[in-house]
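Q: So here's work_0.pdb (PDB, C-alpha atoms).
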```pdb
ATOM      1  CA  MET I   1    -139.811 -21.628 -12.135
ATOM      2  CA  ASP I   2    -139.733 -25.391 -12.632
ATOM      3  CA  GLU I   3    -137.587 -27.360 -10.227
ATOM      4  CA  ASP I   4    -135.190 -29.932 -11.704
ATOM      5  CA  TYR I   5    -136.149 -33.058  -9.773
ATOM      6  CA  ARG I   6    -133.448 -35.168 -11.476
ATOM      7  CA  LYS I   7    -130.871 -33.987  -8.922
ATOM      8  CA  ASN I   8    -132.976 -35.256  -5.994
ATOM      9  CA  ASN I   9    -132.710 -38.702  -4.456
ATOM     10  CA  PHE I  10    -136.311 -39.549  -5.295
ATOM     11  CA  ALA I  11    -138.161 -42.808  -4.603
ATOM     12  CA  TYR I  12    -141.588 -43.120  -6.208
ATOM     13  CA  LYS I  13    -142.415 -46.193  -4.156
ATOM     14  CA  GLY I  14    -140.548 -46.228  -0.888
ATOM     15  CA  ILE I  15    -140.998 -48.554   2.050
ATOM     16  CA  ALA I  16    -139.916 -46.666   5.173
ATOM     17  CA  VAL I  17    -138.511 -48.944   7.866
ATOM     18  CA  ARG I  18    -137.837 -47.770  11.397
ATOM     19  CA  VAL I  19    -134.443 -49.155  12.430
ATOM     20  CA  ASP I  20    -134.215 -47.935  16.049
ATOM     21  CA  THR I  21    -135.995 -49.444  19.034
ATOM     22  CA  GLY I  22    -138.682 -47.892  21.164
ATOM     23  CA  ALA I  23    -142.382 -47.482  21.627
ATOM     24  CA  GLY I  24    -144.661 -46.315  18.851
ATOM     25  CA  GLY I  25    -144.779 -46.841  15.133
ATOM     26  CA  VAL I  26    -142.525 -45.754  12.309
ATOM     27  CA  SER I  27    -143.137 -42.023  12.778
ATOM     28  CA  ALA I  28    -142.252 -42.231  16.501
ATOM     29  CA  GLY I  29    -138.709 -43.363  15.723
ATOM     30  CA  LYS I  30    -135.386 -41.572  15.532
ATOM     31  CA  ALA I  31    -133.724 -43.611  12.713
ATOM     32  CA  TRP I  32    -135.051 -44.957   9.399
ATOM     33  CA  MET I  33    -134.103 -46.475   6.086
ATOM     34  CA  ILE I  34    -136.183 -46.375   2.940
ATOM     35  CA  PHE I  35    -136.288 -49.171   0.362
ATOM     36  CA  ASP I  36    -137.341 -48.224  -3.185
ATOM     37  CA  HIS I  37    -139.088 -51.338  -4.468
ATOM     38  CA  ASP I  38    -139.313 -50.147  -8.080
ATOM     39  CA  VAL I  39    -135.539 -50.552  -8.434
ATOM     40  CA  MET I  40    -134.625 -52.692  -5.358
ATOM     41  CA  ARG I  41    -132.364 -50.093  -3.738
ATOM     42  CA  VAL I  42    -131.932 -48.602  -0.309
ATOM     43  CA  ALA I  43    -132.562 -44.954  -1.166
ATOM     44  CA  GLY I  44    -131.187 -43.729   2.148
ATOM     45  CA  GLY I  45    -130.790 -43.952   5.900
ATOM     46  CA  TRP I  46    -131.346 -40.983   8.209
ATOM     47  CA  THR I  47    -131.756 -39.951  11.837
ATOM     48  CA  GLY I  48    -133.568 -37.093  13.522
ATOM     49  CA  LYS I  49    -136.437 -35.940  15.687
ATOM     50  CA  GLY I  50    -138.933 -36.135  12.860
ATOM     51  CA  PHE I  51    -139.772 -38.757  10.307
ATOM     52  CA  ILE I  52    -140.672 -36.732   7.178
ATOM     53  CA  ASP I  53    -142.144 -33.353   6.383
ATOM     54  CA  TRP I  54    -145.734 -33.967   5.478
ATOM     55  CA  GLU I  55    -145.988 -31.580   2.497
ATOM     56  CA  GLY I  56    -148.008 -32.767  -0.461
ATOM     57  CA  ILE I  57    -151.346 -32.586  -2.210
ATOM     58  CA  LEU I  58    -152.946 -35.302  -0.080
ATOM     59  CA  LEU I  59    -152.053 -33.548   3.161
ATOM     60  CA  ASN I  60    -152.336 -29.801   2.550
ATOM     61  CA  ASP I  61    -153.468 -29.338  -1.088
ATOM     62  CA  ASN I  62    -150.012 -28.132  -2.244
ATOM     63  CA  HIS I  63    -149.071 -29.268  -5.743
ATOM     64  CA  GLU I  64    -145.554 -30.037  -7.030
ATOM     65  CA  THR I  65    -144.354 -30.926  -3.534
ATOM     66  CA  TYR I  66    -143.484 -34.348  -2.214
ATOM     67  CA  PRO I  67    -142.882 -35.679   1.288
ATOM     68  CA  ARG I  68    -139.181 -35.444   2.161
ATOM     69  CA  THR I  69    -137.062 -36.922   4.875
ATOM     70  CA  ILE I  70    -135.994 -34.537   7.611
ATOM     71  CA  GLY I  71    -133.021 -34.873   9.901
ATOM     72  CA  GLN I  72    -129.519 -36.005   9.038
ATOM     73  CA  LEU I  73    -128.972 -38.192   5.980
ATOM     74  CA  HIS I  74    -126.169 -40.677   6.694
ATOM     75  CA  VAL I  75    -126.232 -42.988   3.685
ATOM     76  CA  GLU I  76    -127.816 -42.937   0.230
ATOM     77  CA  THR I  77    -127.607 -44.618  -3.151
ATOM     78  CA  PRO I  78    -128.061 -42.988  -6.550
ATOM     79  CA  VAL I  79    -131.467 -43.053  -8.217
ATOM     80  CA  GLY I  80    -131.583 -46.095 -10.488
ATOM     81  CA  PRO I  81    -131.218 -49.839 -10.212
ATOM     82  CA  GLY I  82    -129.923 -51.046  -6.868
ATOM     83  CA  TRP I  83    -128.722 -54.279  -8.458
ATOM     84  CA  ALA I  84    -126.951 -54.649 -11.789
ATOM     85  CA  ASN I  85    -128.805 -56.420 -14.574
ATOM     86  CA  PRO I  86    -127.951 -60.083 -13.851
ATOM     87  CA  SER I  87    -127.657 -60.838 -17.586
ATOM     88  CA  THR I  88    -125.284 -57.991 -18.491
ATOM     89  CA  GLY I  89    -123.761 -56.747 -15.222
ATOM     90  CA  SER I  90    -124.801 -53.181 -16.146
ATOM     91  CA  PHE I  91    -126.528 -50.622 -13.911
ATOM     92  CA  ASP I  92    -127.943 -48.790 -16.974
ATOM     93  CA  ASP I  93    -131.562 -47.867 -16.247
ATOM     94  CA  PRO I  94    -134.014 -49.134 -18.927
ATOM     95  CA  ARG I  95    -137.160 -47.598 -17.419
ATOM     96  CA  PHE I  96    -139.451 -45.028 -19.058
ATOM     97  CA  THR I  97    -138.203 -41.408 -18.991
ATOM     98  CA  ALA I  98    -140.870 -38.806 -18.202
ATOM     99  CA  ARG I  99    -141.036 -35.195 -19.462
ATOM    100  CA  ASP I 100    -139.242 -33.994 -16.308
ATOM    101  CA  GLY I 101    -136.262 -36.231 -17.141
ATOM    102  CA  ARG I 102    -136.828 -38.728 -14.336
ATOM    103  CA  GLN I 103    -137.228 -42.414 -14.961
ATOM    104  CA  PHE I 104    -140.004 -44.315 -13.251
ATOM    105  CA  GLY I 105    -141.734 -47.656 -13.020
ATOM    106  CA  PRO I 106    -140.354 -51.008 -11.965
ATOM    107  CA  LEU I 107    -137.379 -52.741 -13.499
ATOM    108  CA  PRO I 108    -138.219 -55.577 -15.948
ATOM    109  CA  LYS I 109    -139.348 -58.670 -14.005
ATOM    110  CA  GLN I 110    -136.568 -60.849 -15.406
ATOM    111  CA  TRP I 111    -134.108 -58.338 -13.882
ATOM    112  CA  ALA I 112    -135.714 -57.703 -10.475
ATOM    113  CA  ASN I 113    -139.143 -58.347  -9.011
ATOM    114  CA  TYR I 114    -140.572 -57.151  -5.682
ATOM    115  CA  LYS I 115    -142.439 -59.966  -3.902
ATOM    116  CA  GLY I 116    -143.624 -58.368  -0.644
ATOM    117  CA  LEU I 117    -142.926 -57.926   3.053
ATOM    118  CA  TYR I 118    -142.764 -60.175   6.067
ATOM    119  CA  HIS I 119    -143.352 -58.754   9.539
ATOM    120  CA  TYR I 120    -142.233 -60.346  12.785
ATOM    121  CA  GLU I 121    -142.656 -58.210  15.911
ATOM    122  CA  ASN I 122    -140.642 -55.045  15.089
ATOM    123  CA  THR I 123    -138.730 -56.650  12.203
ATOM    124  CA  VAL I 124    -139.496 -56.088   8.529
ATOM    125  CA  ILE I 125    -138.091 -58.451   5.887
ATOM    126  CA  ILE I 126    -138.291 -57.358   2.239
ATOM    127  CA  ALA I 127    -138.629 -60.156  -0.334
ATOM    128  CA  TYR I 128    -137.627 -59.791  -3.988
ATOM    129  CA  THR I 129    -135.736 -61.491  -6.793
ATOM    130  CA  VAL I 130    -132.755 -60.453  -8.883
ATOM    131  CA  GLY I 131    -132.605 -62.689 -11.933
ATOM    132  CA  ARG I 132    -133.486 -66.130 -10.565
ATOM    133  CA  ALA I 133    -131.998 -65.459  -7.119
ATOM    134  CA  ALA I 134    -134.507 -65.014  -4.283
ATOM    135  CA  ILE I 135    -133.453 -62.309  -1.823
ATOM    136  CA  LEU I 136    -134.629 -61.552   1.696
ATOM    137  CA  GLU I 137    -133.369 -58.236   3.066
ATOM    138  CA  LYS I 138    -133.496 -56.864   6.604
ATOM    139  CA  LEU I 139    -132.623 -53.212   7.166
ATOM    140  CA  GLY I 140    -131.064 -52.259  10.484
ATOM    141  CA  MET I 141    -128.855 -49.949  12.480
ATOM    142  CA  GLU I 142    -126.125 -50.393  15.061
ATOM    143  CA  LYS I 143    -124.047 -47.838  16.950
ATOM    144  CA  ALA I 144    -120.267 -47.502  16.743
ATOM    145  CA  ASP I 145    -118.593 -44.869  18.911
ATOM    146  CA  GLY I 146    -122.015 -43.275  19.416
ATOM    147  CA  GLN I 147    -122.583 -42.912  15.659
ATOM    148  CA  PRO I 148    -125.265 -44.756  13.666
ATOM    149  CA  VAL I 149    -124.122 -47.496  11.302
ATOM    150  CA  PHE I 150    -126.869 -48.517   8.884
ATOM    151  CA  THR I 151    -126.909 -52.206   7.971
ATOM    152  CA  ARG I 152    -128.372 -54.484   5.334
ATOM    153  CA  THR I 153    -128.646 -58.201   6.074
ATOM    154  CA  LEU I 154    -129.131 -60.175   2.865
ATOM    155  CA  THR I 155    -130.097 -63.810   2.433
ATOM    156  CA  ILE I 156    -129.539 -64.733  -1.212
ATOM    157  CA  SER I 157    -130.448 -68.042  -2.825
ATOM    158  CA  PRO I 158    -128.007 -69.511  -5.371
ATOM    159  CA  ALA I 159    -127.766 -67.441  -8.549
ATOM    160  CA  GLN I 160    -126.846 -68.452 -12.089
ATOM    161  CA  GLN I 161    -124.891 -65.218 -12.643
ATOM    162  CA  VAL I 162    -122.673 -62.963 -10.561
ATOM    163  CA  LEU I 163    -124.833 -60.436  -8.712
ATOM    164  CA  LYS I 164    -123.681 -56.865  -8.052
ATOM    165  CA  THR I 165    -125.420 -54.369  -5.777
ATOM    166  CA  ARG I 166    -124.913 -50.727  -4.880
ATOM    167  CA  VAL I 167    -124.265 -50.298  -1.181
ATOM    168  CA  ALA I 168    -123.825 -46.517  -0.765
ATOM    169  CA  ARG I 169    -122.330 -43.438  -2.378
ATOM    170  CA  ALA I 170    -118.660 -42.893  -1.602
ATOM    171  CA  GLY I 171    -117.828 -40.090   0.815
ATOM    172  CA  PRO I 172    -119.972 -38.150   3.259
ATOM    173  CA  THR I 173    -123.508 -37.115   2.434
ATOM    174  CA  SER I 174    -124.541 -33.523   2.842
ATOM    175  CA  ARG I 175    -127.914 -32.082   3.539
TER     176      ARG I 175
END
```
Represent the supplied structure as structure tokens.

A:
Amino acid sequence: MDEDYRKNNFAYKGIAVRVDTGAGGVSAGKAWMIFDHDVMRVAGGWTGKGFIDWEGILLNDNHETYPRTIGQLHVETPVGPGWANPSTGSFDDPRFTARDGRQFGPLPKQWANYKGLYHYENTVIIAYTVGRAAILEKLGMEKADGQPVFTRTLTISPAQQVLKTRVARAGPTSR
């Protein structure tokens, strides 16, 4: 039976960022956010005792499986552009649609363009553009009443149009 992957929060190209402090690398953490640099969105933020399940063809020769986050998902955004088209203000996704119904590939460069990463100690800064605006984004986490609060710190250069971004889905996430 074929699985319908369109219902999944799927990031083809995700940059996982550890947002808690402590020794070790990204997989040694307890809190993460993932940035999908095809569509310039924060796909999600989660906590737990594990980073991801390591299923997949490169790791155990299983086909039709993909690494997934494990733990508790606290915040997510829908699959698709994280920023509205600066020319039209629309979030409509213009990317190629595959046979499985999912869209993939980067957004058009005049809409959004991933530039790269900057690292400083344990900090990761993601650089990209939306329209002509240059954006630097730092993912983070704070605690409020013992609960994680996932943060996005944005530095945005002047833009020629109004910019709109998706922050998170409304209501609690379930997993």

Q: Might you pull out every residue within 12 Å of Gly116 (chain I), with all atoms listed in the file counted and same-chain residues fewer than 4 positions away left off, and present them as a PyMOL selection string?

A: chain I and resi 15+35+37-38+40+124-129+134-137

Q: Compare I:Gly131, I:Gly45, I:Pro106, I:Gly101 by their minimum atom-to-atom distance to Pro86 (chain I), counting all atoms listed in the file, and give me the closest one.

A: I:Gly131

Q: Output the residue selection produced by the PyMOL selection byres ((chain I and resi 21-28) around 9) on the file above, formatted as a ChimeraX atom specification.

A: /I:16-20,29-32,49-52,122

Q: For the atom pair CA of Ala98 (chain I) and CA of Asp36 (chain I), what is the interatomic distance in Å to one decimal place?

A: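 Those two atoms sit 18.1 Å apart.
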
Q: What's the separation between CA of Gly89 (chain I) and CA of Gly140 (chain I), in Å to one decimal place?

A: 27.1 Å

Q: Starting from the displayed file, determine the output of the PyMOL selection byres ((chain I and resi 80-84) around 8) and express the residue list as a list in words.

A: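 Expected selection for the PyMOL selection byres ((chain I and resi 80-84) around 8) here is Val39, Met40, Arg41, Val42, Thr77, Pro78, Val79, Asn85, Pro86, Thr88, Gly89, Ser90, Phe91, Asp92, Asp93, Leu107, Val130, Leu163, Lys164, Thr165 and Arg166 of chain I.
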
Q: Any idea what the distance is between CA of Arg102 (chain I) and CA of Ser87 (chain I)?

A: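 These two atoms are separated by 24.2 Å.
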
Q: Please evaluate the PyMOL selection byres ((chain I and resi 168) around 7) against the displayed coordinates and give the resulting residues as a list in words.

A: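 This file gives the following for the PyMOL selection byres ((chain I and resi 168) around 7): Val75, Glu76, Thr77, Arg166, Val167, Arg169 and Ala170 of chain I.
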
Q: My list of candidates is I:Tyr12, I:Tyr114, I:Tyr120, I:Phe96. Which is closest to Ala43 (chain I) when distances are computed with all atoms listed in the file?

A: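 Among the listed residues, I:Tyr12 lies closest to Ala43 (chain I).
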
Q: Report, as JSON, the centre and edge lengths in Å (one decimal) of the axis-aligned box enclosing every listed atom of region 27-40 of chain I, padded by 6 Å on each side.

A:
```
{"center_x": -138.4, "center_y": -47.1, "center_z": 4.0, "size_x": 21.4, "size_y": 23.1, "size_z": 36.9}
```

Q: Of the residues I:Ile70, I:Lys115, I:Trp46, I:Leu139, which is the one nearest to Arg152 (chain I), using all atoms listed in the file?

A: I:Leu139

Q: Go through I:Lys143, I:Lys138, I:His74, I:Arg95 and flag the residue nearest Tyr118 (chain I), using only C-alpha atoms for the distances.

A: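 The shortest atom-to-atom distance to Tyr118 (chain I) comes from I:Lys138.
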